[in-house]
Amino acid sequence: MTVREIAEKLDLNVYSGEGGLDREVTGGYVSDLLSDVMGFAKDGSVWVTLQTHKNVMAIASLKELAAVIVVKGLEPEEDAKEVSDEEGIPILGSQEQTFELAGKIYNLIKG
């Protein structure tokens with residue numbers, strides 16, 4: 001399943017990084033601690049978080065993540081969107097809470 005398919009099926013906003021929408025998604029990771037994501041997220045995962053600053057993109061790039069999804073109606077900061085576009089790693093957004101969104105993503109990927 002691609003980032004684009006997840007975005008369409010879950011009606012997610014695409015804030016930036018449109019060039020990476022066809023990245024293949026192999027799993028997911030949920031955390032708001034950058035060090036946790038850096039230590040344990042697997043490449044190809046979508047990262048669900050409430051963090052919106054550009055350091056998120058540094059971790060996403062380092063870990064070769066497929067996309068970042070921000071929750072609770074939060075929007076990424078402008079400098080995060082710039083890095084997202086440069087790296088081709090999409091930042092998506094949802095109005096939903098983390099728990100609900102993570103369950104839906106899990107069902108799409110594993111279902």
# chains A, B, ... in the order shown; residues from 1 in each chain; ligands from 1

call {"tool": "select_by_dssp", "arguments": {"residues": "chain A", "states": "helix (DSSP H, G or I)", "output": "MDAnalysis selection string"}}
result
chainID A and resid 3:9 18:20 34:40 55:62 78:87 98:110

call {"tool": "select_by_dssp", "arguments": {"residues": "chain A", "states": "strand (DSSP E or B)", "output": "list of chain:residue names"}}
result
A:Thr2, A:Asn13, A:Val14, A:Tyr15, A:Ser16, A:Glu24, A:Gly27, A:Gly28, A:Tyr29, A:Val30, A:Ser45, A:Val46, A:Trp47, A:Val48, A:Thr49, A:Ala67, A:Val68, A:Ile69, A:Val70, A:Ile91, A:Leu92, A:Gly93

call {"tool": "residues_around", "arguments": {"residues": "stretch 69-75 of chain A", "least_positions_apart": "4", "cutoff": "12 Å", "atoms": "only C-alpha atoms", "output": "MDAnalysis selection string"}}
result
chainID A and resid 3 6:7 10:17 28:32 45:54 56:57 60 65 79:81 84 89:102 105

call {"tool": "write_last_selection", "arguments": {"atoms": "N, CA and C atoms", "output": "short mmCIF file (atom, residue, chain, number, x, y, z; two decimals), in the first residue's frame"}}
result
data_model
loop_
_atom_site.label_atom_id
_atom_site.label_comp_id
_atom_site.auth_asym_id
_atom_site.auth_seq_id
_atom_site.Cartn_x
_atom_site.Cartn_y
_atom_site.Cartn_z
N VAL A 3 1.58 5.57 0.32
CA VAL A 3 1.18 6.72 1.14
C VAL A 3 -0.08 7.35 0.54
N ILE A 6 -3.22 5.40 1.46
CA ILE A 6 -3.60 5.63 2.86
C ILE A 6 -4.24 7.01 3.01
N ALA A 7 -3.63 8.01 2.38
CA ALA A 7 -4.17 9.37 2.46
C ALA A 7 -5.59 9.43 1.90
N LEU A 10 -8.18 7.34 4.16
CA LEU A 10 -8.43 7.92 5.48
C LEU A 10 -8.74 9.41 5.42
N ASP A 11 -8.87 9.94 4.19
CA ASP A 11 -9.21 11.35 3.99
C ASP A 11 -8.24 12.27 4.74
N LEU A 12 -6.95 12.02 4.55
CA LEU A 12 -5.92 12.82 5.21
C LEU A 12 -5.56 14.04 4.37
N ASN A 13 -5.22 15.13 5.04
CA ASN A 13 -4.71 16.31 4.34
C ASN A 13 -3.27 16.03 3.94
N VAL A 14 -2.89 16.48 2.75
CA VAL A 14 -1.50 16.41 2.32
C VAL A 14 -0.94 17.82 2.44
N TYR A 15 -0.05 18.02 3.41
CA TYR A 15 0.52 19.35 3.65
C TYR A 15 1.74 19.62 2.80
N SER A 16 2.52 18.58 2.52
CA SER A 16 3.78 18.78 1.79
C SER A 16 4.34 17.43 1.39
N GLY A 17 5.42 17.48 0.62
CA GLY A 17 6.11 16.25 0.22
C GLY A 17 5.35 15.42 -0.79
N GLY A 28 3.97 0.91 10.55
CA GLY A 28 3.71 2.18 11.19
C GLY A 28 4.40 2.27 12.53
N TYR A 29 4.53 3.50 13.01
CA TYR A 29 5.11 3.73 14.32
C TYR A 29 4.43 4.93 14.95
N VAL A 30 4.11 4.82 16.23
CA VAL A 30 3.42 5.90 16.94
C VAL A 30 4.26 6.31 18.14
N SER A 31 4.69 7.56 18.14
CA SER A 31 5.44 8.10 19.27
C SER A 31 5.59 9.60 19.09
N ASP A 32 5.70 10.30 20.20
CA ASP A 32 5.97 11.73 20.17
C ASP A 32 7.38 12.04 20.64
N SER A 45 8.00 2.89 7.27
CA SER A 45 6.85 3.09 8.15
C SER A 45 6.26 4.48 8.00
N VAL A 46 4.98 4.61 8.35
CA VAL A 46 4.38 5.93 8.54
C VAL A 46 4.48 6.22 10.03
N TRP A 47 4.84 7.46 10.36
CA TRP A 47 5.02 7.86 11.73
C TRP A 47 3.85 8.75 12.13
N VAL A 48 3.10 8.34 13.12
CA VAL A 48 1.97 9.11 13.64
C VAL A 48 2.43 9.85 14.89
N THR A 49 2.24 11.18 14.88
CA THR A 49 2.76 12.02 15.97
C THR A 49 1.96 13.31 16.09
N LEU A 50 2.16 14.02 17.20
CA LEU A 50 1.61 15.36 17.31
C LEU A 50 2.70 16.42 17.18
N GLN A 51 3.92 15.98 16.94
CA GLN A 51 5.04 16.90 16.73
C GLN A 51 4.93 17.55 15.35
N THR A 52 5.22 18.84 15.26
CA THR A 52 5.03 19.56 14.00
C THR A 52 6.26 20.34 13.53
N HIS A 53 7.37 20.23 14.23
CA HIS A 53 8.56 21.04 13.91
C HIS A 53 9.49 20.31 12.94
N LYS A 54 10.48 21.03 12.43
CA LYS A 54 11.33 20.46 11.37
C LYS A 54 12.22 19.31 11.83
N VAL A 56 11.29 16.74 13.19
CA VAL A 56 10.54 15.53 12.80
C VAL A 56 11.03 15.05 11.44
N MET A 57 11.26 15.98 10.54
CA MET A 57 11.70 15.60 9.20
C MET A 57 13.13 15.08 9.20
N ALA A 60 12.61 11.53 10.19
CA ALA A 60 11.93 10.80 9.10
C ALA A 60 12.91 10.49 7.98
N LEU A 65 11.60 6.90 6.55
CA LEU A 65 10.18 6.67 6.76
C LEU A 65 9.40 7.04 5.51
N ASP A 79 8.86 25.49 8.18
CA ASP A 79 10.18 24.93 7.90
C ASP A 79 10.13 23.40 7.81
N ALA A 80 9.21 22.77 8.52
CA ALA A 80 9.04 21.32 8.39
C ALA A 80 8.50 20.97 7.01
N LYS A 81 7.56 21.77 6.52
CA LYS A 81 7.01 21.53 5.17
C LYS A 81 8.09 21.71 4.10
N SER A 84 10.19 18.65 4.15
CA SER A 84 9.37 17.57 3.60
C SER A 84 9.40 17.59 2.08
N ILE A 89 9.34 13.38 1.48
CA ILE A 89 8.67 12.58 2.51
C ILE A 89 7.40 13.35 2.90
N PRO A 90 6.24 12.84 2.56
CA PRO A 90 5.01 13.58 2.81
C PRO A 90 4.72 13.79 4.30
N ILE A 91 4.15 14.96 4.58
CA ILE A 91 3.53 15.22 5.87
C ILE A 91 2.03 15.28 5.61
N LEU A 92 1.32 14.40 6.29
CA LEU A 92 -0.13 14.31 6.17
C LEU A 92 -0.75 14.74 7.49
N GLY A 93 -2.05 15.02 7.47
CA GLY A 93 -2.70 15.43 8.69
C GLY A 93 -4.09 14.86 8.84
N SER A 94 -4.49 14.70 10.10
CA SER A 94 -5.80 14.16 10.44
C SER A 94 -6.39 14.95 11.60
N GLN A 95 -7.71 15.02 11.64
CA GLN A 95 -8.42 15.62 12.77
C GLN A 95 -8.53 14.62 13.93
N GLU A 96 -8.29 13.36 13.65
CA GLU A 96 -8.52 12.31 14.64
C GLU A 96 -7.45 12.28 15.73
N GLN A 97 -7.80 11.62 16.82
CA GLN A 97 -6.87 11.35 17.90
C GLN A 97 -5.92 10.24 17.45
N THR A 98 -4.78 10.16 18.07
CA THR A 98 -3.75 9.19 17.70
C THR A 98 -4.25 7.75 17.77
N PHE A 99 -4.95 7.39 18.82
CA PHE A 99 -5.40 6.02 19.02
C PHE A 99 -6.30 5.56 17.87
N GLU A 100 -7.28 6.38 17.54
CA GLU A 100 -8.22 6.01 16.48
C GLU A 100 -7.52 5.90 15.12
N LEU A 101 -6.68 6.88 14.83
CA LEU A 101 -6.00 6.88 13.54
C LEU A 101 -5.04 5.71 13.41
N ALA A 102 -4.31 5.42 14.47
CA ALA A 102 -3.37 4.29 14.43
C ALA A 102 -4.10 2.98 14.16
N ILE A 105 -4.99 2.87 10.44
CA ILE A 105 -3.80 2.61 9.62
C ILE A 105 -3.39 1.14 9.73
#

call {"tool": "closest_residue", "arguments": {"among": "A:Met1, A:Leu108, A:Val25, A:Leu33", "to": "A:Ala66", "atoms": "only C-alpha atoms"}}
result
A:Val25

call {"tool": "closest_residue", "arguments": {"among": "A:Gly88, A:Val68, A:Gly39, A:Asn55", "to": "A:Leu21", "atoms": "only C-alpha atoms"}}
result
A:Gly88

call {"tool": "closest_residue", "arguments": {"among": "A:Lys42, A:Pro76, A:Gly111, A:Lys63", "to": "A:Thr26", "atoms": "only C-alpha atoms"}}
result
A:Lys42

call {"tool": "decode", "arguments": {"residues": "stretch 80-106 of chain A", "atoms": "N, CA, C and O atoms", "output": "PDB file, in the first residue's frame"}}
result
ATOM      1  N   ALA A  80       9.208  22.774   8.516  1.00  0.00           N
ATOM      2  CA  ALA A  80       9.037  21.318   8.395  1.00  0.00           C
ATOM      3  C   ALA A  80       8.496  20.972   7.009  1.00  0.00           C
ATOM      4  O   ALA A  80       8.944  20.003   6.377  1.00  0.00           O
ATOM      5  N   LYS A  81       7.565  21.773   6.517  1.00  0.00           N
ATOM      6  CA  LYS A  81       7.014  21.534   5.173  1.00  0.00           C
ATOM      7  C   LYS A  81       8.089  21.708   4.101  1.00  0.00           C
ATOM      8  O   LYS A  81       8.130  20.953   3.135  1.00  0.00           O
ATOM      9  N   GLU A  82       8.973  22.687   4.293  1.00  0.00           N
ATOM     10  CA  GLU A  82      10.053  22.904   3.334  1.00  0.00           C
ATOM     11  C   GLU A  82      10.964  21.678   3.260  1.00  0.00           C
ATOM     12  O   GLU A  82      11.316  21.227   2.170  1.00  0.00           O
ATOM     13  N   VAL A  83      11.350  21.151   4.408  1.00  0.00           N
ATOM     14  CA  VAL A  83      12.211  19.966   4.434  1.00  0.00           C
ATOM     15  C   VAL A  83      11.461  18.764   3.855  1.00  0.00           C
ATOM     16  O   VAL A  83      12.034  17.962   3.114  1.00  0.00           O
ATOM     17  N   SER A  84      10.194  18.647   4.151  1.00  0.00           N
ATOM     18  CA  SER A  84       9.367  17.571   3.604  1.00  0.00           C
ATOM     19  C   SER A  84       9.399  17.593   2.081  1.00  0.00           C
ATOM     20  O   SER A  84       9.564  16.550   1.432  1.00  0.00           O
ATOM     21  N   ASP A  85       9.240  18.787   1.499  1.00  0.00           N
ATOM     22  CA  ASP A  85       9.279  18.911   0.038  1.00  0.00           C
ATOM     23  C   ASP A  85      10.656  18.566  -0.515  1.00  0.00           C
ATOM     24  O   ASP A  85      10.762  17.881  -1.532  1.00  0.00           O
ATOM     25  N   GLU A  86      11.708  19.023   0.168  1.00  0.00           N
ATOM     26  CA  GLU A  86      13.079  18.736  -0.277  1.00  0.00           C
ATOM     27  C   GLU A  86      13.376  17.237  -0.234  1.00  0.00           C
ATOM     28  O   GLU A  86      14.011  16.701  -1.140  1.00  0.00           O
ATOM     29  N   GLU A  87      12.938  16.567   0.822  1.00  0.00           N
ATOM     30  CA  GLU A  87      13.239  15.140   1.018  1.00  0.00           C
ATOM     31  C   GLU A  87      12.246  14.224   0.305  1.00  0.00           C
ATOM     32  O   GLU A  87      12.497  13.027   0.177  1.00  0.00           O
ATOM     33  N   GLY A  88      11.110  14.765  -0.112  1.00  0.00           N
ATOM     34  CA  GLY A  88      10.085  13.927  -0.752  1.00  0.00           C
ATOM     35  C   GLY A  88       9.425  12.972   0.222  1.00  0.00           C
ATOM     36  O   GLY A  88       9.009  11.873  -0.153  1.00  0.00           O
ATOM     37  N   ILE A  89       9.342  13.378   1.481  1.00  0.00           N
ATOM     38  CA  ILE A  89       8.665  12.583   2.511  1.00  0.00           C
ATOM     39  C   ILE A  89       7.404  13.352   2.900  1.00  0.00           C
ATOM     40  O   ILE A  89       7.496  14.418   3.508  1.00  0.00           O
ATOM     41  N   PRO A  90       6.243  12.840   2.560  1.00  0.00           N
ATOM     42  CA  PRO A  90       5.014  13.579   2.814  1.00  0.00           C
ATOM     43  C   PRO A  90       4.721  13.793   4.296  1.00  0.00           C
ATOM     44  O   PRO A  90       4.988  12.929   5.129  1.00  0.00           O
ATOM     45  N   ILE A  91       4.149  14.962   4.577  1.00  0.00           N
ATOM     46  CA  ILE A  91       3.535  15.221   5.871  1.00  0.00           C
ATOM     47  C   ILE A  91       2.032  15.277   5.614  1.00  0.00           C
ATOM     48  O   ILE A  91       1.558  16.078   4.802  1.00  0.00           O
ATOM     49  N   LEU A  92       1.317  14.402   6.288  1.00  0.00           N
ATOM     50  CA  LEU A  92      -0.128  14.310   6.168  1.00  0.00           C
ATOM     51  C   LEU A  92      -0.752  14.742   7.487  1.00  0.00           C
ATOM     52  O   LEU A  92      -0.075  14.785   8.513  1.00  0.00           O
ATOM     53  N   GLY A  93      -2.045  15.018   7.468  1.00  0.00           N
ATOM     54  CA  GLY A  93      -2.701  15.432   8.693  1.00  0.00           C
ATOM     55  C   GLY A  93      -4.088  14.858   8.843  1.00  0.00           C
ATOM     56  O   GLY A  93      -4.773  14.578   7.857  1.00  0.00           O
ATOM     57  N   SER A  94      -4.490  14.699  10.101  1.00  0.00           N
ATOM     58  CA  SER A  94      -5.800  14.161  10.440  1.00  0.00           C
ATOM     59  C   SER A  94      -6.390  14.948  11.600  1.00  0.00           C
ATOM     60  O   SER A  94      -5.650  15.431  12.458  1.00  0.00           O
ATOM     61  N   GLN A  95      -7.711  15.021  11.644  1.00  0.00           N
ATOM     62  CA  GLN A  95      -8.415  15.619  12.773  1.00  0.00           C
ATOM     63  C   GLN A  95      -8.527  14.623  13.934  1.00  0.00           C
ATOM     64  O   GLN A  95      -8.829  15.004  15.052  1.00  0.00           O
ATOM     65  N   GLU A  96      -8.289  13.361  13.654  1.00  0.00           N
ATOM     66  CA  GLU A  96      -8.515  12.308  14.645  1.00  0.00           C
ATOM     67  C   GLU A  96      -7.447  12.282  15.731  1.00  0.00           C
ATOM     68  O   GLU A  96      -6.349  12.799  15.568  1.00  0.00           O
ATOM     69  N   GLN A  97      -7.805  11.617  16.822  1.00  0.00           N
ATOM     70  CA  GLN A  97      -6.867  11.345  17.898  1.00  0.00           C
ATOM     71  C   GLN A  97      -5.916  10.235  17.454  1.00  0.00           C
ATOM     72  O   GLN A  97      -6.242   9.429  16.569  1.00  0.00           O
ATOM     73  N   THR A  98      -4.776  10.162  18.068  1.00  0.00           N
ATOM     74  CA  THR A  98      -3.752   9.190  17.703  1.00  0.00           C
ATOM     75  C   THR A  98      -4.255   7.752  17.766  1.00  0.00           C
ATOM     76  O   THR A  98      -4.029   6.971  16.840  1.00  0.00           O
ATOM     77  N   PHE A  99      -4.946   7.395  18.819  1.00  0.00           N
ATOM     78  CA  PHE A  99      -5.398   6.016  19.016  1.00  0.00           C
ATOM     79  C   PHE A  99      -6.303   5.557  17.873  1.00  0.00           C
ATOM     80  O   PHE A  99      -6.099   4.479  17.305  1.00  0.00           O
ATOM     81  N   GLU A 100      -7.282   6.377  17.536  1.00  0.00           N
ATOM     82  CA  GLU A 100      -8.219   6.007  16.481  1.00  0.00           C
ATOM     83  C   GLU A 100      -7.523   5.904  15.125  1.00  0.00           C
ATOM     84  O   GLU A 100      -7.737   4.967  14.366  1.00  0.00           O
ATOM     85  N   LEU A 101      -6.681   6.883  14.827  1.00  0.00           N
ATOM     86  CA  LEU A 101      -6.000   6.884  13.537  1.00  0.00           C
ATOM     87  C   LEU A 101      -5.040   5.706  13.410  1.00  0.00           C
ATOM     88  O   LEU A 101      -4.985   5.049  12.366  1.00  0.00           O
ATOM     89  N   ALA A 102      -4.312   5.419  14.472  1.00  0.00           N
ATOM     90  CA  ALA A 102      -3.369   4.294  14.434  1.00  0.00           C
ATOM     91  C   ALA A 102      -4.099   2.984  14.157  1.00  0.00           C
ATOM     92  O   ALA A 102      -3.613   2.145  13.389  1.00  0.00           O
ATOM     93  N   GLY A 103      -5.267   2.796  14.768  1.00  0.00           N
ATOM     94  CA  GLY A 103      -6.042   1.584  14.514  1.00  0.00           C
ATOM     95  C   GLY A 103      -6.469   1.470  13.063  1.00  0.00           C
ATOM     96  O   GLY A 103      -6.390   0.394  12.463  1.00  0.00           O
ATOM     97  N   LYS A 104      -6.891   2.583  12.481  1.00  0.00           N
ATOM     98  CA  LYS A 104      -7.310   2.564  11.079  1.00  0.00           C
ATOM     99  C   LYS A 104      -6.128   2.263  10.150  1.00  0.00           C
ATOM    100  O   LYS A 104      -6.262   1.505   9.187  1.00  0.00           O
ATOM    101  N   ILE A 105      -4.986   2.867  10.440  1.00  0.00           N
ATOM    102  CA  ILE A 105      -3.800   2.607   9.619  1.00  0.00           C
ATOM    103  C   ILE A 105      -3.391   1.143   9.726  1.00  0.00           C
ATOM    104  O   ILE A 105      -3.101   0.490   8.723  1.00  0.00           O
ATOM    105  N   TYR A 106      -3.403   0.613  10.924  1.00  0.00           N
ATOM    106  CA  TYR A 106      -3.059  -0.800  11.140  1.00  0.00           C
ATOM    107  C   TYR A 106      -3.976  -1.697  10.305  1.00  0.00           C
ATOM    108  O   TYR A 106      -3.507  -2.602   9.609  1.00  0.00           O
TER     109      TYR A 106
END
